[in-house]
Amino acid sequence: MGKRNTVIIDEKTPLLILAGPMFLELFLTTMVNNVDTLMLSHYDEFAVGAVGNANTIMFMMNILFNVIATATSVVVAQYLGAKQYDKMNMIYTLAIAVNLVLGIILSGAFCAANPLIMDFLHASDEMRPLSMLYIYIVGGGGFLMAVYMVMLQILRCNGYPKIGMYITLGINVVNIGGNYLFLYGPLAPLNMGVAGVAISTVASRAIAVVAVFIFFFVKKIGKISLRYLKPFPGRLLGKMIKIGLPTAGENLTYNLYQTTLLSFVNAMGNDSVNARAYCTTLIAFAMIFSNACAMSTQIITGHLVGAGKNEEAYKRVFKTLRTSMPITIALASVNALLSRYTLQLFTDNQNIIALGQMIMIVDIFVETGRCLNMTFVSSLKAAGAYVFPLIMGLLCNWGLGLTTGYIVGVALGVGVAGIFAGTATDECIRGLIVMYYWYKKKWVGKSVVDKKEKIELE
């Protein structure tokens with residue numbers, strides 16, 4: 001089987017070739033969430049906190065979808081780097097089929113567990129029904145995200161990061177238009193509120209799925225057919241699960257830890273819940289650049305490791321950090337300085353604004369540590385060292401983040417900013433540990449592709 005229509009990615013690939021489009025994609029994705037928050041804040045303040053609670057759970061669902069999506073990124077990048085093109089159609093088909101089935105199962109499971117989830121979050125009586133409604137609609141369509149995430153990884157690893165940017169722009173247009181129709185436009189008399197916003201979200205995701213498949217086939221990147229699964233590639237699936245489970249486990253434990261912290265915040269009152277929701281919206285802008293750089297470096301690292309260029313991969317990751325760290329700190333600092341004014345876009349409640357300003361100051365330290373984590377953890381996964389980040393996540397999230405957050409935020413009475421101080425402690429210390437692991441080259445030799453022998457995966 002010949003080479004596919006794939007863009008060459010190696011040590012000479014400029015970071016911004018991949019990171020630029022991914023930054024814009026993440027920025028536009030953040031805008032989708034911000035538009036929901038902003039439009040709902042002028043419709044019903046309880047709806048903002050309710051959707052914030054629900055999105056925490058939706059993020060957990062997406063983490064589970066990442067089991068196969070992340071594994072797809074690692075396997076596709078390394079096999080393309082190793083120029084083993086004959087296995088690509090099988091990898092594409094398997095990844096999409098498995099994540100679709102997983103998506104359908106998880107969508108049903110999260111909807112069925114909705115009441116238990118609300119009990120765990122200690123959602124207030126005002127927010128509980130709205131949060132549940134949002135989860136039923138958006139969670140019920142969660143399988144769309146499962147497929148979209150896999151397809152997006154396939155396109156990125158093949159050198160087409162811009163497609164995500166274009167599609168996300170389209171999602172913004174559909175989402176904003178749908179929100180307006182339900183909240184303020186011709187459909188406003190239906191008084192659907194949160195339900196209308198949820199419907200807009202699901203509709204935009206359905207359009208996104210159709211768009212990525214069209215691009216995949218038009219560009220002739222590969223083929224998708226069940227015939228590539230005969231005989232069923234059980235060893236390949238096992239390899240992908242082996243990669244994906246620790247990665248998803250790391251993300252899942254982080255989200256469970258954040259969900260536990262959210263339960264502390266919910267017990268502090270609705271002002272604290274809303275302050276957290278508004279600040280989370282603003283914080284997303286501070287982290288998207290370092291996230292885009294980390295995602296791009298993950299793809300480049302995967303290609304280099306697959307090609308056996310370990311030294312080039314080693315140097316490339318530190319080069320990324322020298323770019324992403326100062327910019328991330330600068331963005332977080334500007335965010336904190338402007339927070340008194342930006343928070344007024346969402347609310348005129350002075351107590352919420354004061355709480356939010358404290359959160360944004362602490363977030364400077366959160367983003368510093370998060371930049372380290374995203375850069376080195378992403379690269380470790382791309383190199384095949386996916387277990388160590390899970391171990392560090394378990395130890396630092398619960399041993400440092402949760403403990404510090406509870407002591408400072410709850411026991412000492414600092415409040416919601418104290419909860420964020422716990423997250424800052426976790427991110428900074430864990431970030432230094434994973435950086436040292438990369439520096440000592442503990443990841444060398446863990447590549448998915450064995451260059452010394454021909455591996456038959458089927």
# chains A, B, ... in the order shown; residues from 1 in each chain; ligands from 1
>>> residues_around(residues="Ile243 in chain A", least_positions_apart="3", cutoff="7 Å", atoms="only C-alpha atoms", output="mmCIF file with C-alpha atoms, in the first residue's frame")
data_model
loop_
_atom_site.group_PDB
_atom_site.id
_atom_site.type_symbol
_atom_site.label_atom_id
_atom_site.label_comp_id
_atom_site.auth_asym_id
_atom_site.auth_seq_id
_atom_site.Cartn_x
_atom_site.Cartn_y
_atom_site.Cartn_z
ATOM 1 C CA ALA A 71 -4.059 6.512 21.682
ATOM 2 C CA LYS A 239 -2.010 -1.675 22.268
ATOM 3 C CA MET A 240 -4.292 1.365 21.905
ATOM 4 C CA PRO A 246 -3.329 5.448 31.668
ATOM 5 C CA THR A 247 -3.799 8.694 29.734
ATOM 6 C CA TYR A 386 2.110 7.049 29.476
#
>>> residues_around(residues="Phe264 in chain A", least_positions_apart="5", cutoff="9 Å", atoms="only C-alpha atoms", output="PDB file with N, CA and C atoms, in the first residue's frame")
ATOM      1  N   LEU A 121     -22.437  16.408  43.568  1.00  0.00           N
ATOM      2  CA  LEU A 121     -21.987  17.792  43.422  1.00  0.00           C
ATOM      3  C   LEU A 121     -22.604  18.735  44.451  1.00  0.00           C
ATOM      4  N   HIS A 122     -23.598  18.247  45.198  1.00  0.00           N
ATOM      5  CA  HIS A 122     -24.315  19.094  46.159  1.00  0.00           C
ATOM      6  C   HIS A 122     -24.901  20.328  45.465  1.00  0.00           C
ATOM      7  N   THR A 259     -13.778  17.898  40.456  1.00  0.00           N
ATOM      8  CA  THR A 259     -15.188  17.779  40.807  1.00  0.00           C
ATOM      9  C   THR A 259     -15.374  17.781  42.322  1.00  0.00           C
ATOM     10  N   TYR A 406      -8.444  22.031  50.515  1.00  0.00           N
ATOM     11  CA  TYR A 406      -9.365  21.920  51.655  1.00  0.00           C
ATOM     12  C   TYR A 406      -8.856  22.718  52.852  1.00  0.00           C
ATOM     13  N   GLY A 409      -8.806  26.604  51.632  1.00  0.00           N
ATOM     14  CA  GLY A 409     -10.112  27.123  51.229  1.00  0.00           C
ATOM     15  C   GLY A 409     -11.209  26.931  52.250  1.00  0.00           C
ATOM     16  N   VAL A 410     -11.252  25.741  52.864  1.00  0.00           N
ATOM     17  CA  VAL A 410     -12.349  25.407  53.783  1.00  0.00           C
ATOM     18  C   VAL A 410     -11.940  25.595  55.243  1.00  0.00           C
ATOM     19  N   VAL A 416     -13.137  30.349  47.949  1.00  0.00           N
ATOM     20  CA  VAL A 416     -12.915  29.750  46.634  1.00  0.00           C
ATOM     21  C   VAL A 416     -11.498  29.993  46.120  1.00  0.00           C
ATOM     22  N   ILE A 419      -9.297  27.280  47.286  1.00  0.00           N
ATOM     23  CA  ILE A 419      -9.444  26.055  46.490  1.00  0.00           C
ATOM     24  C   ILE A 419      -8.494  26.108  45.298  1.00  0.00           C
TER      25      ILE A 419
END
>>> closest_residue(among="A:Pro189, A:Pro326, A:Gly52, A:Pro233", to="Thr280 in chain A", atoms="only C-alpha atoms")
A:Gly52
>>> select_by_dssp(residues="range 299-440 of chain A", states="alpha helix (DSSP H)", output="PyMOL selection string")
chain A and resi 299-306+310-342+350-383+387-396+403-405+416-439
>>> write_last_selection(atoms="C-alpha atoms", output="mmCIF file, in the first residue's frame")
data_model
loop_
_atom_site.group_PDB
_atom_site.id
_atom_site.type_symbol
_atom_site.label_atom_id
_atom_site.label_comp_id
_atom_site.auth_asym_id
_atom_site.auth_seq_id
_atom_site.Cartn_x
_atom_site.Cartn_y
_atom_site.Cartn_z
ATOM 1 C CA ILE A 299 2.448 15.380 17.303
ATOM 2 C CA ILE A 300 6.000 16.354 16.327
ATOM 3 C CA THR A 301 7.454 14.243 19.154
ATOM 4 C CA GLY A 302 5.390 11.251 18.043
ATOM 5 C CA HIS A 303 6.695 11.537 14.488
ATOM 6 C CA LEU A 304 10.303 11.940 15.670
ATOM 7 C CA VAL A 305 10.161 9.035 18.142
ATOM 8 C CA GLY A 306 8.519 6.848 15.498
ATOM 9 C CA ASN A 310 15.081 10.604 20.145
ATOM 10 C CA GLU A 311 17.677 13.356 20.563
ATOM 11 C CA GLU A 312 15.783 15.653 18.213
ATOM 12 C CA ALA A 313 12.585 14.964 20.160
ATOM 13 C CA TYR A 314 14.362 15.708 23.477
ATOM 14 C CA LYS A 315 15.572 19.122 22.328
ATOM 15 C CA ARG A 316 12.334 20.045 20.603
ATOM 16 C CA VAL A 317 10.279 19.827 23.815
ATOM 17 C CA PHE A 318 12.535 22.233 25.730
ATOM 18 C CA LYS A 319 12.438 24.587 22.765
ATOM 19 C CA THR A 320 8.639 24.611 23.014
ATOM 20 C CA LEU A 321 8.783 25.446 26.726
ATOM 21 C CA ARG A 322 10.994 28.469 26.065
ATOM 22 C CA THR A 323 8.225 29.800 23.832
ATOM 23 C CA SER A 324 5.097 28.825 25.738
ATOM 24 C CA MET A 325 6.064 29.571 29.360
ATOM 25 C CA PRO A 326 6.716 33.349 29.192
ATOM 26 C CA ILE A 327 3.672 33.931 26.998
ATOM 27 C CA THR A 328 1.435 31.885 29.301
ATOM 28 C CA ILE A 329 2.604 33.810 32.391
ATOM 29 C CA ALA A 330 2.072 37.100 30.573
ATOM 30 C CA LEU A 331 -1.462 36.126 29.518
ATOM 31 C CA ALA A 332 -2.377 35.011 33.050
ATOM 32 C CA SER A 333 -0.996 38.247 34.509
ATOM 33 C CA VAL A 334 -2.945 40.405 32.071
ATOM 34 C CA ASN A 335 -6.029 38.322 32.853
ATOM 35 C CA ALA A 336 -5.614 39.081 36.557
ATOM 36 C CA LEU A 337 -5.032 42.803 35.987
ATOM 37 C CA LEU A 338 -8.120 43.159 33.814
ATOM 38 C CA SER A 339 -10.373 40.818 35.803
ATOM 39 C CA ARG A 340 -12.188 43.615 37.661
ATOM 40 C CA TYR A 341 -13.417 44.881 34.306
ATOM 41 C CA THR A 342 -13.843 41.600 32.416
ATOM 42 C CA GLN A 350 -19.674 43.135 43.652
ATOM 43 C CA ASN A 351 -19.168 40.125 45.912
ATOM 44 C CA ILE A 352 -18.763 37.835 42.902
ATOM 45 C CA ILE A 353 -16.341 40.312 41.295
ATOM 46 C CA ALA A 354 -14.234 40.495 44.485
ATOM 47 C CA LEU A 355 -14.086 36.703 44.752
ATOM 48 C CA GLY A 356 -13.201 36.488 41.073
ATOM 49 C CA GLN A 357 -10.304 38.934 41.390
ATOM 50 C CA MET A 358 -8.749 36.797 44.123
ATOM 51 C CA ILE A 359 -9.135 33.692 41.958
ATOM 52 C CA MET A 360 -7.463 35.333 38.972
ATOM 53 C CA ILE A 361 -4.409 36.344 41.032
ATOM 54 C CA VAL A 362 -3.934 32.772 42.261
ATOM 55 C CA ASP A 363 -4.412 31.524 38.701
ATOM 56 C CA ILE A 364 -1.086 33.056 37.630
ATOM 57 C CA PHE A 365 0.612 30.298 39.634
ATOM 58 C CA VAL A 366 -1.855 27.691 38.389
ATOM 59 C CA GLU A 367 -1.044 28.497 34.749
ATOM 60 C CA THR A 368 2.714 28.443 35.363
ATOM 61 C CA GLY A 369 2.523 24.886 36.652
ATOM 62 C CA ARG A 370 -0.062 23.864 34.086
ATOM 63 C CA CYS A 371 2.231 24.984 31.246
ATOM 64 C CA LEU A 372 4.963 22.649 32.539
ATOM 65 C CA ASN A 373 2.508 19.777 32.869
ATOM 66 C CA MET A 374 0.905 20.155 29.468
ATOM 67 C CA THR A 375 4.238 20.437 27.669
ATOM 68 C CA PHE A 376 6.052 17.495 29.250
ATOM 69 C CA VAL A 377 3.101 15.173 29.871
ATOM 70 C CA SER A 378 1.971 15.488 26.240
ATOM 71 C CA SER A 379 5.473 14.709 25.035
ATOM 72 C CA LEU A 380 5.860 11.756 27.399
ATOM 73 C CA LYS A 381 2.634 10.271 26.028
ATOM 74 C CA ALA A 382 3.818 10.798 22.463
ATOM 75 C CA ALA A 383 7.038 8.949 23.287
ATOM 76 C CA VAL A 387 2.163 5.387 32.938
ATOM 77 C CA PHE A 388 4.372 7.868 34.814
ATOM 78 C CA PRO A 389 2.008 10.848 34.257
ATOM 79 C CA LEU A 390 -0.844 8.758 35.708
ATOM 80 C CA ILE A 391 1.142 7.927 38.855
ATOM 81 C CA MET A 392 2.116 11.571 39.355
ATOM 82 C CA GLY A 393 -1.467 12.653 38.756
ATOM 83 C CA LEU A 394 -2.800 10.333 41.423
ATOM 84 C CA LEU A 395 -0.191 11.351 43.980
ATOM 85 C CA CYS A 396 -0.180 15.101 43.367
ATOM 86 C CA THR A 403 -5.392 18.527 50.746
ATOM 87 C CA THR A 404 -4.064 22.058 50.245
ATOM 88 C CA GLY A 405 -7.349 23.225 48.720
ATOM 89 C CA VAL A 416 -12.915 29.750 46.634
ATOM 90 C CA ALA A 417 -9.490 31.379 46.048
ATOM 91 C CA GLY A 418 -8.079 28.911 48.584
ATOM 92 C CA ILE A 419 -9.444 26.055 46.490
ATOM 93 C CA PHE A 420 -7.493 27.431 43.518
ATOM 94 C CA ALA A 421 -4.385 27.666 45.717
ATOM 95 C CA GLY A 422 -4.599 23.894 46.102
ATOM 96 C CA THR A 423 -4.676 23.494 42.328
ATOM 97 C CA ALA A 424 -1.640 25.797 41.999
ATOM 98 C CA THR A 425 0.319 23.655 44.463
ATOM 99 C CA ASP A 426 -0.529 20.496 42.543
ATOM 100 C CA GLU A 427 0.272 21.932 39.098
ATOM 101 C CA CYS A 428 3.621 23.508 40.021
ATOM 102 C CA ILE A 429 5.111 20.569 41.923
ATOM 103 C CA ARG A 430 3.830 17.951 39.481
ATOM 104 C CA GLY A 431 5.100 20.041 36.563
ATOM 105 C CA LEU A 432 8.634 20.121 37.965
ATOM 106 C CA ILE A 433 8.580 16.349 38.524
ATOM 107 C CA VAL A 434 7.514 15.472 34.940
ATOM 108 C CA MET A 435 10.049 17.956 33.544
ATOM 109 C CA TYR A 436 12.812 16.184 35.468
ATOM 110 C CA TYR A 437 11.586 12.807 34.147
ATOM 111 C CA TRP A 438 11.864 14.101 30.572
ATOM 112 C CA TYR A 439 15.257 15.688 31.311
#
>>> closest_residue(among="A:Val76, A:Ala286, A:Ala307, A:Leu412", to="Met151 in chain A", atoms="only C-alpha atoms")
A:Val76
